[in-house]
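The structure under discussion appears below in the form of structure tokens.
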Amino acid sequence: MGFGSFLKIFTPKDRVFYSLFEEVSSNLTQMGDIFHKAVNETDFNAREALLKGLEEWEHKNDEVTHRIFIELGSNFITPFDREDIHYLATSLDDIADYIWGSAKRMMNYYINDVDETMLGFADIIQKAIIALNKGVYGLRDMKDLRAITEACVLINSYENEGDDMLDKGMMTLFSSNINPVDLIKKKDLYQMLEIVTDKCEDAANVIESIIIKYA
Amino acid sequence: MGFGSFLKIFTPKDRVFYSLFEEVSSNLTQMGDIFHKAVNETDFNAREALLKGLEEWEHKNDEVTHRIFIELGSNFITPFDREDIHYLATSLDDIADYIWGSAKRMMNYYINDVDETMLGFADIIQKAIIALNKGVYGLRDMKDLRAITEACVLINSYENEGDDMLDKGMMTLFSSNINPVDLIKKKDLYQMLEIVTDKCEDAANVIESIIIKYA
Amino acid sequence: MGFGSFLKIFTPKDRVFYSLFEEVSSNLTQMGDIFHKAVNETDFNAREALLKGLEEWEHKNDEVTHRIFIELGSNFITPFDREDIHYLATSLDDIADYIWGSAKRMMNYYINDVDETMLGFADIIQKAIIALNKGVYGLRDMKDLRAITEACVLINSYENEGDDMLDKGMMTLFSSNINPVDLIKKKDLYQMLEIVTDKCEDAANVIESIIIKYA
């Protein structure tokens, strides 16, 4: 079933992909935690410092992602289908980009009053990344397929929560008397936060398709 | 020419993909009809009921799309290239998502005055989906390639109409004295409606690329 | 290393891809120049004429892109991996679409006061496309891999400049006393201009992945 099984004997070289994906996934976990801490931080300067700190993590992640693509180009043997590696690397990189993008919007748009919607998204994103981390680490030995599947199902449910959070946030904005410019700022931020949960789901979908083929 | 011809002997198992795509396509036809009816419905409560009803169709479609990906992961033999199945399933699923997304925006943003642009989009979307349905059903026996091609050409022309509709709608908004918050709402809705036509074109492009390879 | 080397003997038929990509790339160079000239033109009517002229280039490009996909569907032998041809054609086509889209926004949104951010983007986009053109023309003989790599690195740095330009532009908008509707117009335009630089980066990434495999 699938091409994977007979390739499993070529282990030494292709192991590098597991390590690289685990590194990306650990970085994302840090980013999810920092963003959550920032949004819950009431002191303005402390929050700005936390948000600014995310840029370095995003850069770090860019480099690891770039290494994944280099390895993909130069390795004939890969532990999963080449396009799955490509999609997984891309969607994990997108998660980092959009978390940092959300942080940047908070700073550049001068959004200083953290509201329920932002707090809710920070929660959902942190939890989705923790589940994603389990999924990514599970790929190395594929011993506990049920745990990987459960992590993916969980991420899908967080993405649904993100959709509802966005709907609720927009309804609140549009039924409030907020001035148009502040509405634009918050709408843009909410939409970017929702994309973070979409990208977690994209990554989960790739992981699911990997384990279906190699089970 | 292409890999397809010699695979055609493996019919029993790979037939499942045709049925699943046809199911998705029939669901989309329903969604196009319901959205069209909703936008043309003058009674507020009746319109809301129709718009709300689209959620169920979107969920139904999600499930069939999920089954396509499961089959794709577990079937070694597929009737077309694996990536074409992947892209077709994704773009059809996107159509359902963005129709439901447009309906949700109308409700959540409290957009109650249906205008020419919305009516125009509902027309274009309904027609594009009817053409798409012909294209999808044509894939099973590939007997009438000219009819499939004509359907794809038609969908491309509807996508162009959608572009023009968006341009005209935006020019109207920006040259009107509409208040900024209402402008934001309508702009967002128009843009999502235009994406529906883009996704129809994406699906048509996959269908075209399938028949080029297997003709 | 890679599948490319032993395919290089099939030159006559697959050469068509180089010519088509070079044609697209030359069109894009024209578009980058015209857009740059338009944004720097102070006479309103002359600027509109230049912006309107971009539509024809965009259509021309659509046709060449379409021919690339036709060739891809009917040629068994391709000079690079099929998906690289697909991605490269798509991202180059997107560049043309988003330049024309930006021009259209300037016209349809009645944006007549060209500002620093628009001028800056026109500069970045023109330079990124010139670098991209070098990369695309380098693919035919692959003799100067270093020059191709340098072009790609340059494009990546322009994309970073585009990100910073967008951030700066948005901060300026949100800290100004601009009225909300004008803010919406400019924000939309800036975001589309930034996407042009993203698409240049996408194209550069495909070129990099091609030369990694075929070096």
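Going by the structure tokens order, chains are called A, B, ..., each with residues numbered from 1, while ligands are numbered from 1 in the order shown.
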
Contacts of Val206 in chain B within 8 Å, only C-alpha atoms, excl. fewer than 6 positions in-chain, as an MDAnalysis selection string = chainID B and resid 84 87:88

query = Tell me, which residues of range 40-206 of chain B carry DSSP helix (DSSP H, G or I), written as a ChimeraX atom specification?
reply = /B:40,44-74,82-108,116-138,145-174,180-206

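Residue-level contact on chain A: within 7 Å of chain B, counting only C-alpha atoms, the set is A:Gly2, A:Asp167, A:Met171, A:Phe174, A:Pro180, A:Ser209, A:Ile212, A:Lys213.
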
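Note that the spacing between CA of Gly162 in chain C and CA of Gln30 in chain C amounts to 20.0 Å.
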
Residue neighbourhood range 93-95 of chain C, 7 Å, only C-alpha atoms, exclusion window fewer than 3 positions, as a VMD selection string = chain C and resid 61 to 62 65 89 to 90 98 to 99 196 199 to 200

Hey, can you spit out that residue selection with C-alpha atoms as a compact mmCIF listing (two decimals), in the first residue's frame?
```
# COMPACT_ATOMS: atom_id res chain seq x y z
CA ASN C 61 0.49 37.02 -20.91
CA ASP C 62 -2.61 34.97 -20.22
CA THR C 65 0.59 31.00 -19.94
CA ALA C 89 3.94 29.42 -14.96
CA THR C 90 1.37 30.08 -12.25
CA TYR C 98 -1.54 41.58 -9.67
CA ILE C 99 0.26 44.38 -11.55
CA VAL C 196 3.22 41.47 -6.57
CA LYS C 199 4.63 36.46 -6.39
CA CYS C 200 8.10 37.46 -7.62
```

ask   = What is the distance, in Å and to one decimal place, between CA of Asp33 in chain A and CA of Gln126 in chain A?
value = 6.1 Å

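When only C-alpha atoms are used to measure the gap to Leu166 in chain C, the shortest distance among C:Thr197, C:Thr117, C:Thr149, C:Asn205 belongs to C:Thr117.
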
inquiry  = Just to confirm, what's the straight-line distance from CA of Asp123 in chain C to CA of Gly32 in chain C in Å (one decimal)?
reply    = 8.8 Å

message = Residues near Glu58 in chain C, anyone? I mean within 7 Å using only C-alpha atoms, not counting same-chain ones fewer than 5 positions away, as JSON, numbers by chain.
response = {"C": [96, 97, 100]}

Could you please take those selected residues and save all heavy atoms as a tab-separated table (two decimals), in the first residue's frame?
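again-v5.tsv written:
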```tsv
chain	number	residue	atom	x	y	z
C	96	ALA	N	1.69	39.17	-13.40
C	96	ALA	CA	0.98	39.99	-14.38
C	96	ALA	C	-0.41	40.37	-13.87
C	96	ALA	O	-0.82	41.53	-13.96
C	96	ALA	CB	0.87	39.24	-15.71
C	97	ASP	N	-1.12	39.38	-13.30
C	97	ASP	CA	-2.48	39.64	-12.79
C	97	ASP	C	-2.48	40.73	-11.72
C	97	ASP	O	-3.35	41.60	-11.71
C	97	ASP	CB	-3.07	38.36	-12.17
C	97	ASP	CG	-3.49	37.36	-13.23
C	97	ASP	OD1	-3.43	37.70	-14.43
C	97	ASP	OD2	-3.85	36.22	-12.86
C	100	TRP	N	-1.62	44.29	-13.07
C	100	TRP	CA	-2.81	44.83	-13.70
C	100	TRP	C	-3.89	45.13	-12.66
C	100	TRP	O	-4.57	46.16	-12.71
C	100	TRP	CB	-3.31	43.89	-14.80
C	100	TRP	CG	-4.69	44.18	-15.31
C	100	TRP	CD1	-5.73	43.33	-15.42
C	100	TRP	CD2	-5.19	45.45	-15.80
C	100	TRP	NE1	-6.83	43.96	-15.92
C	100	TRP	CE2	-6.53	45.26	-16.16
C	100	TRP	CE3	-4.62	46.71	-15.94
C	100	TRP	CZ2	-7.33	46.28	-16.66
C	100	TRP	CZ3	-5.42	47.75	-16.43
C	100	TRP	CH2	-6.76	47.52	-16.79
```

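For Ser26 in chain C, the non-local neighbours within 12 Å, defined as residues at least 5 positions apart in the same chain or in other chains and counting only C-alpha atoms, are C:Ser19, C:Leu20, C:Phe21, C:Met31, C:Gly32, C:Asp33, C:Trp57, C:Lys60, C:Asn61, C:Val64, C:Leu92, C:Ala96, C:Ile129, C:Ile130, C:Ala131, C:Leu132, C:Asn133, C:Lys134, C:Gly135, C:Val136, C:Tyr137.
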
Convert the current residue selection to file output with N, CA and C atoms, as an mmCIF file, in the first residue's frame.
```cif
data_model
loop_
_atom_site.group_PDB
_atom_site.id
_atom_site.type_symbol
_atom_site.label_atom_id
_atom_site.label_comp_id
_atom_site.auth_asym_id
_atom_site.auth_seq_id
_atom_site.Cartn_x
_atom_site.Cartn_y
_atom_site.Cartn_z
ATOM 1 N N SER C 19 11.347 28.977 -24.459
ATOM 2 C CA SER C 19 10.874 30.124 -25.244
ATOM 3 C C SER C 19 9.620 30.740 -24.630
ATOM 4 N N LEU C 20 8.711 29.862 -24.182
ATOM 5 C CA LEU C 20 7.459 30.390 -23.615
ATOM 6 C C LEU C 20 7.721 31.142 -22.311
ATOM 7 N N PHE C 21 8.553 30.569 -21.458
ATOM 8 C CA PHE C 21 8.866 31.262 -20.196
ATOM 9 C C PHE C 21 9.598 32.588 -20.467
ATOM 10 N N MET C 31 5.731 45.215 -18.333
ATOM 11 C CA MET C 31 4.692 45.639 -17.385
ATOM 12 C C MET C 31 5.297 46.383 -16.191
ATOM 13 N N GLY C 32 6.427 45.871 -15.691
ATOM 14 C CA GLY C 32 7.108 46.543 -14.576
ATOM 15 C C GLY C 32 7.547 47.949 -14.968
ATOM 16 N N ASP C 33 8.045 48.078 -16.196
ATOM 17 C CA ASP C 33 8.498 49.392 -16.685
ATOM 18 C C ASP C 33 7.320 50.359 -16.855
ATOM 19 N N TRP C 57 -1.218 43.899 -22.030
ATOM 20 C CA TRP C 57 -0.084 43.038 -21.670
ATOM 21 C C TRP C 57 -0.534 41.862 -20.817
ATOM 22 N N LYS C 60 -2.112 39.361 -23.131
ATOM 23 C CA LYS C 60 -1.065 38.709 -23.909
ATOM 24 C C LYS C 60 -0.408 37.606 -23.064
ATOM 25 N N ASN C 61 -0.160 37.954 -21.816
ATOM 26 C CA ASN C 61 0.488 37.019 -20.909
ATOM 27 C C ASN C 61 -0.388 35.811 -20.592
ATOM 28 N N VAL C 64 0.030 33.279 -23.393
ATOM 29 C CA VAL C 64 1.274 32.501 -23.355
ATOM 30 C C VAL C 64 1.223 31.483 -22.219
ATOM 31 N N LEU C 92 4.391 33.340 -12.372
ATOM 32 C CA LEU C 92 4.644 34.419 -13.332
ATOM 33 C C LEU C 92 3.324 35.048 -13.797
ATOM 34 N N ALA C 96 1.694 39.166 -13.397
ATOM 35 C CA ALA C 96 0.984 39.992 -14.383
ATOM 36 C C ALA C 96 -0.410 40.374 -13.874
ATOM 37 N N ILE C 129 11.437 42.413 -10.993
ATOM 38 C CA ILE C 129 11.142 41.765 -12.278
ATOM 39 C C ILE C 129 12.398 41.711 -13.158
ATOM 40 N N ILE C 130 13.223 42.738 -13.087
ATOM 41 C CA ILE C 130 14.478 42.710 -13.857
ATOM 42 C C ILE C 130 15.356 41.540 -13.384
ATOM 43 N N ALA C 131 15.422 41.355 -12.073
ATOM 44 C CA ALA C 131 16.204 40.230 -11.531
ATOM 45 C C ALA C 131 15.582 38.900 -11.950
ATOM 46 N N LEU C 132 14.245 38.850 -11.898
ATOM 47 C CA LEU C 132 13.537 37.624 -12.264
ATOM 48 C C LEU C 132 13.801 37.266 -13.726
ATOM 49 N N ASN C 133 13.824 38.276 -14.570
ATOM 50 C CA ASN C 133 14.090 38.078 -15.986
ATOM 51 C C ASN C 133 15.458 37.408 -16.195
ATOM 52 N N LYS C 134 16.441 37.847 -15.433
ATOM 53 C CA LYS C 134 17.770 37.207 -15.496
ATOM 54 C C LYS C 134 17.685 35.739 -15.108
ATOM 55 N N GLY C 135 16.936 35.491 -14.049
ATOM 56 C CA GLY C 135 16.789 34.114 -13.584
ATOM 57 C C GLY C 135 16.143 33.230 -14.640
ATOM 58 N N VAL C 136 15.058 33.721 -15.245
ATOM 59 C CA VAL C 136 14.320 32.929 -16.234
ATOM 60 C C VAL C 136 15.193 32.662 -17.465
ATOM 61 N N TYR C 137 15.889 33.707 -17.966
ATOM 62 C CA TYR C 137 16.730 33.520 -19.151
ATOM 63 C C TYR C 137 17.934 32.619 -18.853
#
```
